[in-house]
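Asks: Structure in structure tokens, see below.
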Amino acid sequence: MGKKTTGTRPEREAVKRYLQQYHAAKQKKRILEERRRTLSADLRGPSAAPAYRATPSAKPVHPDGAGAVVFQIADVEERIEAQQAEMAKAVQNVMDLIDLLPVGSTERTVVEMRHIDCRPWDQIAREVYMSRSAVFNYYNAALDMLAKHEDSGKLLGDFKARNRGTKK
């Protein structure tokens with residue numbers, strides 16, 4: 001996170017958390033995809049389970065080896081699909097809030113690049129031909145505009161209500 005993007009005002013922080021929902025959903029999907037890759041690699045590898053036992057085991061039978069991995073992969077794939085739907089919803093929410101910024105403004109460009117394109121600050125600064133500090137100033141100005149905008153209150157309130165039960 002950038003040093004200058006944190007503010008003392010709770011409204012600004014609420015806007016920032018709202019804007020970060022797409023990036024968080026994208027990160028969760030990336031983690032699930034990595035888990036699927038790991039499980040698929042396990043499936044291709046040799047099984048640790050013995051092929052044949054001369055005597056029956058006293059332990060209860062659990063799916064192991066390739067069969068268990070296949071079920072795990074299927075579970076992860078279902079979670080990835082659900083996360084893709086969550087990402088679509090999150091990007092739409094973020095775009096709805098960004099739409100409150102003036103079209104063509106530098107503030108809007110910076111926020112879009114940061115929260116929709118998920119670009120790092122250095123890359124944003126290079127692409128808009130500004131210093132990082134100037135980019136932070138535009139970003140903070142955008143957060144302030146969104147925090148003060150009368151239509152952002154409903155979006156932020158709905159977001160807070162949806163996420164009340166998910167906080168730890």
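Scheme for the structure tokens: letters A, B, ... for chains in order shown; per-chain residue numbers from 1; ligand numbers from 1 in order shown.
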Could you list, as a PyMOL selection string, every residue within 8 Å of range 100-112 of chain A, counting only C-alpha atoms and ignoring same-chain residues fewer than 2 positions away?

Replies: chain A and resi 96-98+114-117+124+135+138-139+141-142+145-146+149+151-152

Asks: Neighbours of Gln123 in chain A within 10 Å (only C-alpha atoms; same-chain residues fewer than 5 positions away dropped), as a VMD selection string?

Replies: chain A and resid 113 to 114 128 to 129 132

Asks: Pick out the residues sitting within 10 Å of Asn93 in chain A, and hand them over as a ChimeraX atom specification; count only C-alpha atoms, and ignore anything fewer than 3 positions along from it in its own chain.

Replies: /A:18-19,21-22,87-90,96-99,155-156,159

Asks: Could you please determine the separation between CA of Ala161 in chain A and CA of Val76 in chain A in Å, to one decimal place?

Replies: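 About the pair CA of Ala161 in chain A and CA of Val76 in chain A: they are 27.8 Å apart.
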
Asks: Measuring between only C-alpha atoms, which one of A:His23, A:Asn140, A:Asp42, A:Gln84 shows the shortest distance to Pro120 in chain A?

Replies: A:His23

Asks: Report as a Markdown table the residues of range 61-154 of chain A within 8 Å of range 31-39 of chain A, each with its shortest atom pair and distance in Å (one decimal), using only C-alpha atoms, ordered by chain and increasing residue number.

Replies:
| residue | atom | partner | partner_atom | distance |
| --- | --- | --- | --- | --- |
| A:Val69 | CA | A:Leu39 | CA | 6.4 |
| A:Gln72 | CA | A:Leu39 | CA | 7.5 |
| A:Ile73 | CA | A:Arg36 | CA | 5.9 |
| A:Val76 | CA | A:Arg36 | CA | 6.3 |
| A:Glu77 | CA | A:Arg36 | CA | 7.3 |
| A:Arg79 | CA | A:Leu32 | CA | 7.4 |
| A:Ile80 | CA | A:Leu32 | CA | 6.2 |

Asks: Provide the CA of Arg12 in chain A to CA of Asp144 in chain A distance in Å, to one decimal place.

Replies: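 Atom-to-atom, CA of Arg12 in chain A and CA of Asp144 in chain A are spaced 6.1 Å apart.
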
Asks: How far is it from CA of Ala147 in chain A to CA of Gln83 in chain A, in Å with one decimal?

Replies: 28.0 Å
